[in-house]
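With mmCIF, C-alpha atoms inside, this is structure_15.cif:
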```
data_data
#
loop_
_atom_site.label_atom_id
_atom_site.label_comp_id
_atom_site.auth_asym_id
_atom_site.auth_seq_id
_atom_site.Cartn_x
_atom_site.Cartn_y
_atom_site.Cartn_z
CA MET A 527 0.00 0.00 0.00
CA ALA A 528 1.31 3.43 -0.92
CA ALA A 529 2.26 5.72 1.95
CA ILE A 530 -0.28 8.48 2.53
CA SER A 531 1.69 11.71 2.28
CA ALA A 532 0.67 15.15 3.50
CA SER A 533 0.65 16.41 -0.10
CA MET A 534 -1.84 13.70 -1.09
CA VAL A 535 -4.12 14.64 1.79
CA LYS A 536 -3.81 18.32 0.84
CA GLU A 537 -4.75 17.59 -2.79
CA LEU A 538 -7.79 15.57 -1.77
CA ARG A 539 -8.89 18.30 0.62
CA GLU A 540 -8.62 20.91 -2.11
CA ARG A 541 -10.61 18.77 -4.53
CA THR A 542 -13.34 17.72 -2.11
CA ALA A 543 -13.42 20.46 0.60
CA LEU A 544 -13.46 17.70 3.25
CA GLY A 545 -11.52 17.67 6.51
CA MET A 546 -7.98 16.35 6.85
CA MET A 547 -8.86 13.22 8.84
CA GLU A 548 -11.70 12.29 6.49
CA CYS A 549 -9.40 12.69 3.49
CA LYS A 550 -6.66 10.62 5.10
CA LYS A 551 -9.12 7.85 5.92
CA ALA A 552 -10.49 7.86 2.37
CA LEU A 553 -6.99 7.68 0.92
CA THR A 554 -6.04 4.85 3.25
CA GLU A 555 -9.13 2.87 2.24
CA ALA A 556 -8.35 3.54 -1.43
CA GLY A 557 -4.73 2.45 -1.10
CA GLY A 558 -3.45 5.94 -1.87
CA ASP A 559 -5.43 6.24 -5.12
CA ILE A 560 -6.84 9.81 -5.10
CA GLU A 561 -9.32 9.20 -7.92
CA LEU A 562 -10.67 6.07 -6.24
CA ALA A 563 -10.91 7.95 -2.94
CA ILE A 564 -12.98 10.66 -4.63
CA GLU A 565 -15.22 8.04 -6.25
CA ASN A 566 -15.79 6.30 -2.92
CA LEU A 567 -16.58 9.60 -1.22
CA ARG A 568 -19.08 10.52 -3.91
CA LYS A 569 -20.81 7.16 -3.49
CA ASN A 570 -21.14 7.85 0.21
CA SER A 571 -23.14 11.05 -0.39
CA GLY A 572 -25.22 10.78 2.75
CA LEU A 573 -22.10 10.79 4.91
CA LYS A 574 -20.67 13.58 2.80
CA ALA A 575 -23.67 15.83 3.43
CA SER A 576 -23.76 15.16 7.16
CA LYS A 577 -20.05 15.82 7.53
CA LYS A 578 -20.51 19.31 6.09
CA ALA A 579 -23.06 20.43 8.66
CA GLY A 580 -20.56 21.54 11.28
CA ARG A 581 -18.35 23.56 8.97
CA VAL A 582 -18.44 27.35 9.07
CA ALA A 583 -20.38 28.89 6.20
CA ALA A 584 -19.62 32.61 6.21
CA GLU A 585 -19.64 33.39 2.49
CA GLY A 586 -22.69 33.25 0.25
CA ALA A 587 -25.24 35.65 -1.13
CA ILE A 588 -28.13 37.91 -0.24
CA VAL A 589 -31.21 38.01 -2.46
CA ILE A 590 -34.12 40.44 -2.39
CA LYS A 591 -37.51 40.33 -4.04
CA VAL A 592 -39.91 43.30 -4.12
CA ALA A 593 -43.57 43.19 -5.12
CA ASP A 594 -44.45 44.85 -8.43
CA ASP A 595 -46.66 47.33 -6.59
CA SER A 596 -43.87 48.05 -4.04
CA SER A 597 -46.18 46.98 -1.22
CA TYR A 598 -43.61 44.68 0.38
CA GLY A 599 -40.18 43.20 -0.10
CA VAL A 600 -38.21 40.28 1.29
CA MET A 601 -34.53 39.64 1.83
CA VAL A 602 -32.72 36.36 2.52
CA GLU A 603 -29.13 35.40 3.30
CA ILE A 604 -27.89 31.98 2.20
CA ASN A 605 -24.38 30.99 3.20
CA SER A 606 -21.67 28.82 1.68
CA GLU A 607 -18.15 28.11 2.85
CA THR A 608 -16.39 29.83 -0.05
CA ASP A 609 -17.02 32.76 -2.35
CA PHE A 610 -16.32 30.45 -5.29
CA VAL A 611 -19.42 28.35 -4.52
CA ALA A 612 -21.47 31.53 -4.02
CA ARG A 613 -20.91 32.21 -7.74
CA ASP A 614 -22.01 28.71 -8.80
CA ASP A 615 -25.19 28.55 -10.88
CA ASN A 616 -26.63 25.73 -8.75
CA PHE A 617 -26.12 27.80 -5.62
CA LYS A 618 -27.68 30.86 -7.26
CA ALA A 619 -30.71 28.82 -8.30
CA PHE A 620 -31.11 27.64 -4.71
CA THR A 621 -30.92 31.19 -3.34
CA ASN A 622 -33.61 32.31 -5.77
CA LEU A 623 -35.77 29.35 -4.79
CA ILE A 624 -35.56 30.35 -1.13
CA ALA A 625 -36.29 34.00 -1.91
CA ASP A 626 -39.31 33.01 -3.99
CA ARG A 627 -40.65 30.85 -1.16
CA VAL A 628 -40.22 33.61 1.44
CA PHE A 629 -41.84 36.07 -0.97
CA ALA A 630 -44.82 33.77 -1.59
CA THR A 631 -45.39 32.73 2.03
CA LYS A 632 -44.12 35.81 3.92
CA ASN A 633 -42.59 33.30 6.31
CA THR A 634 -39.28 34.47 7.78
CA ASP A 635 -38.96 31.65 10.34
CA ILE A 636 -36.12 29.63 8.85
CA ALA A 637 -36.83 26.41 10.77
CA SER A 638 -40.44 26.14 9.56
CA LEU A 639 -39.60 27.51 6.11
CA MET A 640 -37.03 24.77 5.48
CA GLU A 641 -39.14 21.82 6.61
CA GLY A 642 -39.67 19.17 3.96
CA GLU A 643 -38.71 19.68 0.34
CA LEU A 644 -36.55 22.78 0.80
CA GLU A 645 -34.37 21.00 3.34
CA ASP A 646 -34.12 18.01 1.00
CA THR A 647 -33.07 20.34 -1.80
CA ARG A 648 -30.46 21.93 0.44
CA GLY A 649 -29.06 18.52 1.39
CA GLN A 650 -28.81 17.51 -2.27
CA LEU A 651 -26.96 20.73 -3.04
CA VAL A 652 -24.49 20.06 -0.23
CA GLN A 653 -23.82 16.63 -1.70
CA LYS A 654 -23.40 18.01 -5.21
CA ILE A 655 -21.25 21.03 -4.42
CA GLY A 656 -19.24 19.63 -1.53
CA GLU A 657 -19.68 22.52 0.90
CA ASN A 658 -21.93 23.30 3.80
CA ILE A 659 -24.88 25.42 2.63
CA SER A 660 -27.15 27.10 5.16
CA VAL A 661 -30.14 29.41 5.00
CA ARG A 662 -29.24 31.89 7.71
CA ARG A 663 -31.95 34.53 7.93
CA ALA A 664 -34.82 36.25 6.19
CA ALA A 665 -36.60 39.57 6.60
CA ILE A 666 -39.75 41.14 5.27
CA VAL A 667 -40.67 44.82 5.05
CA GLU A 668 -44.32 45.62 4.44
CA ALA A 669 -45.69 49.05 3.59
CA PRO A 670 -48.84 50.47 5.17
CA ALA A 671 -51.51 51.99 2.95
CA GLY A 672 -49.92 54.69 0.82
CA GLY A 673 -46.39 53.53 1.60
CA VAL A 674 -43.79 51.91 -0.63
CA VAL A 675 -40.87 49.51 -0.28
CA GLY A 676 -37.78 49.51 -2.46
CA GLY A 677 -34.67 47.37 -2.41
CA TYR A 678 -31.12 47.22 -3.69
CA VAL A 679 -28.41 44.54 -3.79
CA HIS A 680 -24.75 45.30 -4.31
CA GLY A 681 -22.70 42.47 -5.76
CA GLY A 682 -24.91 39.86 -4.12
CA ARG A 683 -23.20 40.56 -0.79
CA ILE A 684 -24.81 43.70 0.66
CA ALA A 685 -28.51 44.48 0.42
CA ALA A 686 -31.10 46.83 1.85
CA LEU A 687 -34.87 47.33 1.89
CA THR A 688 -36.28 50.77 2.67
CA LEU A 689 -39.79 51.72 3.73
CA LEU A 690 -41.24 55.13 2.82
CA THR A 691 -44.61 56.68 3.53
CA GLY A 692 -45.59 58.06 0.17
CA GLY A 693 -43.01 58.46 -2.56
CA THR A 694 -42.17 55.88 -5.19
CA GLY A 695 -40.59 52.48 -5.37
CA ASP A 696 -37.73 53.96 -7.38
CA ALA A 697 -37.03 56.53 -4.67
CA ALA A 698 -37.07 53.78 -2.03
CA ARG A 699 -34.65 51.78 -4.18
CA ASP A 700 -32.27 54.74 -4.47
CA ILE A 701 -32.32 55.22 -0.72
CA SER A 702 -31.66 51.50 -0.29
CA MET A 703 -28.59 51.97 -2.48
CA HIS A 704 -27.45 54.68 -0.06
CA VAL A 705 -28.09 52.39 2.91
CA ALA A 706 -26.04 49.60 1.31
CA ALA A 707 -23.14 51.96 0.63
CA VAL A 708 -23.06 54.06 3.80
CA ASN A 709 -24.45 51.66 6.44
CA PRO A 710 -26.26 54.12 8.73
CA VAL A 711 -26.90 53.08 12.33
CA CYS A 712 -30.58 54.06 12.33
CA ALA A 713 -33.24 55.60 10.10
CA ARG A 714 -33.89 58.81 12.05
CA PRO A 715 -32.16 60.55 14.98
CA SER A 716 -35.06 59.62 17.27
CA ASP A 717 -34.44 55.94 16.45
CA MET A 718 -30.88 55.94 17.82
CA PRO A 719 -30.70 53.48 20.77
CA GLN A 720 -30.16 55.28 24.07
CA GLU A 721 -27.41 52.86 25.07
CA GLN A 722 -25.50 53.79 21.94
CA MET A 723 -25.88 57.49 22.74
CA ASP A 724 -24.69 56.88 26.29
CA SER A 725 -21.69 54.95 25.02
CA GLU A 726 -20.79 57.67 22.52
CA LYS A 727 -21.14 60.36 25.18
CA ALA A 728 -18.77 58.45 27.48
CA ILE A 729 -16.23 58.26 24.67
CA ILE A 730 -16.55 61.98 23.98
CA LEU A 731 -16.11 62.92 27.64
CA ALA A 732 -12.99 60.75 27.84
CA GLN A 733 -11.27 62.52 24.95
CA PRO A 734 -8.09 64.46 25.81
CA ASP A 735 -9.49 67.92 25.07
CA MET A 736 -12.19 67.37 27.69
CA ALA A 737 -9.65 66.98 30.48
CA GLY A 738 -9.87 69.73 33.06
CA LYS A 739 -12.99 71.32 31.58
CA PRO A 740 -15.69 72.46 34.02
CA ALA A 741 -18.59 70.03 34.06
CA GLU A 742 -21.03 72.44 32.44
CA ILE A 743 -18.60 73.25 29.61
CA ALA A 744 -17.83 69.56 29.01
CA GLU A 745 -21.56 68.82 28.94
CA LYS A 746 -22.21 71.57 26.40
CA MET A 747 -19.34 70.39 24.20
CA SER A 748 -20.49 66.78 24.40
CA LEU A 749 -24.02 67.74 23.35
CA GLY A 750 -22.65 69.46 20.25
CA ARG A 751 -20.60 66.43 19.32
CA LEU A 752 -23.50 64.08 19.96
CA LYS A 753 -25.62 66.16 17.59
CA LYS A 754 -22.92 65.74 14.95
CA TYR A 755 -22.75 62.01 15.66
CA LEU A 756 -26.51 61.71 15.17
CA ALA A 757 -26.35 63.57 11.88
CA GLU A 758 -23.52 61.37 10.61
CA ASN A 759 -25.15 58.09 11.60
CA SER A 760 -28.87 58.67 11.02
CA LEU A 761 -30.03 57.87 7.49
CA THR A 762 -32.31 60.87 7.07
CA GLU A 763 -29.59 63.37 8.04
CA GLN A 764 -26.82 61.97 5.84
CA PRO A 765 -25.83 63.61 2.54
CA PHE A 766 -27.47 61.52 -0.18
CA VAL A 767 -24.86 59.49 -2.09
CA LYS A 768 -26.33 60.36 -5.49
CA ASP A 769 -26.51 64.07 -4.66
CA PRO A 770 -24.50 65.19 -1.60
CA ASN A 771 -26.06 68.65 -1.83
CA GLN A 772 -29.23 67.28 -0.24
CA THR A 773 -29.88 64.98 2.69
CA VAL A 774 -31.64 61.66 2.32
CA ALA A 775 -34.70 63.18 4.01
CA GLU A 776 -34.74 66.00 1.46
CA PHE A 777 -34.45 63.53 -1.41
CA ALA A 778 -37.35 61.47 -0.04
CA LYS A 779 -39.47 64.60 0.45
CA ALA A 780 -38.82 65.75 -3.12
CA ALA A 781 -40.12 62.34 -4.26
CA GLY A 782 -43.26 62.78 -2.14
CA GLY A 783 -42.24 60.48 0.68
CA GLU A 784 -40.71 60.19 4.14
CA VAL A 785 -38.23 57.62 5.40
CA ILE A 786 -39.68 55.31 8.03
CA SER A 787 -37.24 52.43 8.36
CA PHE A 788 -34.74 50.18 6.61
CA VAL A 789 -33.25 46.71 6.88
CA ARG A 790 -29.67 46.06 5.80
CA MET A 791 -27.80 42.76 5.55
CA GLU A 792 -24.22 41.93 4.68
CA VAL A 793 -23.01 38.42 3.91
CA GLY A 794 -21.41 36.76 6.89
CA GLU A 795 -21.72 39.67 9.30
CA GLY A 796 -21.45 38.44 12.86
CA ILE A 797 -20.19 35.00 11.86
CA GLU A 798 -16.83 34.07 13.29
CA LYS A 799 -14.82 32.63 10.44
CA GLU A 800 -12.56 29.68 11.12
CA GLU A 801 -8.98 30.18 9.96
CA VAL A 802 -7.53 26.81 9.02
CA ASP A 803 -3.75 26.37 9.14
CA PHE A 804 -3.07 23.21 7.12
CA ALA A 805 0.59 23.04 8.13
CA ALA A 806 -0.41 23.18 11.80
CA GLU A 807 -2.96 20.42 11.24
CA VAL A 808 -0.28 18.21 9.68
CA ARG A 809 2.19 18.90 12.51
CA GLU A 810 -0.47 18.01 15.05
CA GLN A 811 -1.31 14.79 13.22
CA VAL A 812 2.36 13.81 12.96
CA SER A 813 2.85 14.43 16.68
CA ARG A 814 0.03 12.00 17.41
CA ALA A 815 1.39 9.29 15.13
#
```

Final structure tokens representation of the file:
Amino acid sequence: MAAISASMVKELRERTALGMMECKKALTEAGGDIELAIENLRKNSGLKASKKAGRVAAEGAIVIKVADDSSYGVMVEINSETDFVARDDNFKAFTNLIADRVFATKNTDIASLMEGELEDTRGQLVQKIGENISVRRAAIVEAPAGGVVGGYVHGGRIAALTLLTGGTGDAARDISMHVAAVNPVCARPSDMPQEQMDSEKAIILAQPDMAGKPAEIAEKMSLGRLKKYLAENSLTEQPFVKDPNQTVAEFAKAAGGEVISFVRMEVGEGIEKEEVDFAAEVREQVSRA
């Protein structure tokens, strides 16, 4: 039987996206024949799919779908392990399938959404592509009577839905483009969480130029800086990306609307990505041998 070298394990990992120990076992069972190992792994598709479930999926895509009458819109994030798979046509078809289902059912509960055929489809895709695929989250924005929803996706990785009272779907889409690009903290100054204001105020008061200032002077200075902070981080007060001479609120008003809220998603935000050091894995394995 041929010796199973680290380079053979590395090649099989690169070609299958499986873990080091699984690749080594497959190579051992195949007598060092990489092609046979791949064939055996493909035959064992059920095991292949289950082995993917624990792997970190922090790449992927975000898809939006907005009703023709701009009455509501949905947004979903579907994750893969690599950006390469996120560009695969099979993966894209799956993301559109999920978005269509959320759009049709208005169901944003992932567990209930994925019961049955959608989960079976996901499992089949995992087997076919060789990476963990997960439907992470979904959101819906619905407009009240007279309101509109518009959405924008940038590169499949950042997306936003914006709700206006009045206005047009196109205006809401343009503001969503701004949201995707600038990433405001909140829609309006009054929406800024108090804990965030308190945290920002503490930071301001701790700045060097505040040292030694009388309390009333420091308070007055901090209020001025907090006002600036609100303007910089509230969507309605920001200079509009397509025309910095007007604020987003002014743009919405000119279109006959007013900004109410927005939802923004970015692929993988908040997911801790696992950094894999192959050389370290090999050293650890050798030390155990």

Practice task
For CA of Ile684 (chain A) and CA of Ile624 (chain A), quote the distance in Å rounded to one decimal.
Solution key: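 Atom-to-atom, CA of Ile684 (chain A) to CA of Ile624 (chain A), that is 17.2 Å.
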
Practice task
Would you mind listing what lies within 12 Å of Pro719 (chain A) as a ChimeraX atom specification, with all atoms listed in the file counted and same-chain residues fewer than 6 positions away left out?
Solution key: /A:711-713,725-726,756,759-760

Problem - Selection dump of the PyMOL selection byres ((chain A and resi 762-764) around 7), as number ranges by chain - result: A: 713-714, 757-758, 760-761, 765-766, 773-775, 785

Handout entry: Nearest candidate to Glu603 (chain A) (options A:Glu792, A:Glu537, A:Asp717, A:Glu668; using all atoms listed in the file)
Key =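 Using all atoms listed in the file, the shortest distance to Glu603 (chain A) belongs to A:Glu792.
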
Handout entry: Å distance separating CA of Arg751 (chain A) from CA of Asp724 (chain A), one decimal place
Key = 12.5 Å

Practice task
Kindly indicate which residue among A:Asp735, A:Lys550, A:Pro740, A:Asp615 lies nearest to Leu567 (chain A), using only C-alpha atoms for the distances.
Solution key: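 Selected residue with least distance to Leu567 (chain A): A:Lys550.
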
Practice task
Choose the residue, out of A:Leu752, A:Val679, A:Leu731, A:Ala619, that has the smallest atom-to-atom separation from Met703 (chain A); count only C-alpha atoms.
Solution key: A:Val679

Problem - Coordinates-based distance that separates CA of Asn709 (chain A) from CA of Asp595 (chain A) (Å, one decimal) - result: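 Going from CA of Asp595 (chain A) over to CA of Asn709 (chain A), I get 26.1 Å.
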
Exercise for the section: Within 10 Å of His680 (chain A), counting only C-alpha atoms, which residues show up once you throw out same-chain ones fewer than 5 positions away? Write them as a list in words, please. Expected result: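 The filter keeps Ile588, Val589, Ala685, Ala686, Met703, Ala706, Ala707 and Glu792 of chain A.
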
For C-alpha atoms, I'd like the residues from the last selection saved as an mmCIF file, in the coordinates of the input.
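Listing of part.cif after writing:
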```
data_model
loop_
_atom_site.group_PDB
_atom_site.id
_atom_site.type_symbol
_atom_site.label_atom_id
_atom_site.label_comp_id
_atom_site.auth_asym_id
_atom_site.auth_seq_id
_atom_site.Cartn_x
_atom_site.Cartn_y
_atom_site.Cartn_z
ATOM 1 C CA ILE A 588 -28.130 37.910 -0.240
ATOM 2 C CA VAL A 589 -31.210 38.010 -2.460
ATOM 3 C CA ALA A 685 -28.510 44.480 0.420
ATOM 4 C CA ALA A 686 -31.100 46.830 1.850
ATOM 5 C CA MET A 703 -28.590 51.970 -2.480
ATOM 6 C CA ALA A 706 -26.040 49.600 1.310
ATOM 7 C CA ALA A 707 -23.140 51.960 0.630
ATOM 8 C CA GLU A 792 -24.220 41.930 4.680
#
```

Exercise for the section: Could you state which residues are captured by the PyMOL selection byres ((chain A and resi 696) around 10) in this file, as a ChimeraX atom specification? Expected result: /A:596,674-677,693-695,697-702,781

Selection to disk with C-alpha atoms, as a PDB file, keeping the file's coordinate frame:
```pdb
ATOM      1  CA  SER A 596     -43.870  48.050  -4.040  1.00  0.00           C
ATOM      2  CA  VAL A 674     -43.790  51.910  -0.630  1.00  0.00           C
ATOM      3  CA  VAL A 675     -40.870  49.510  -0.280  1.00  0.00           C
ATOM      4  CA  GLY A 676     -37.780  49.510  -2.460  1.00  0.00           C
ATOM      5  CA  GLY A 677     -34.670  47.370  -2.410  1.00  0.00           C
ATOM      6  CA  GLY A 693     -43.010  58.460  -2.560  1.00  0.00           C
ATOM      7  CA  THR A 694     -42.170  55.880  -5.190  1.00  0.00           C
ATOM      8  CA  GLY A 695     -40.590  52.480  -5.370  1.00  0.00           C
ATOM      9  CA  ALA A 697     -37.030  56.530  -4.670  1.00  0.00           C
ATOM     10  CA  ALA A 698     -37.070  53.780  -2.030  1.00  0.00           C
ATOM     11  CA  ARG A 699     -34.650  51.780  -4.180  1.00  0.00           C
ATOM     12  CA  ASP A 700     -32.270  54.740  -4.470  1.00  0.00           C
ATOM     13  CA  ILE A 701     -32.320  55.220  -0.720  1.00  0.00           C
ATOM     14  CA  SER A 702     -31.660  51.500  -0.290  1.00  0.00           C
ATOM     15  CA  ALA A 781     -40.120  62.340  -4.260  1.00  0.00           C
TER      16      ALA A 781
END
```

Practice task
Give as a ChimeraX atom specification the residues that the PyMOL selection byres ((chain A and resi 558) around 8) matches when applied to the coordinates above.
Solution key: /A:527-530,534,553-557,559-560,563
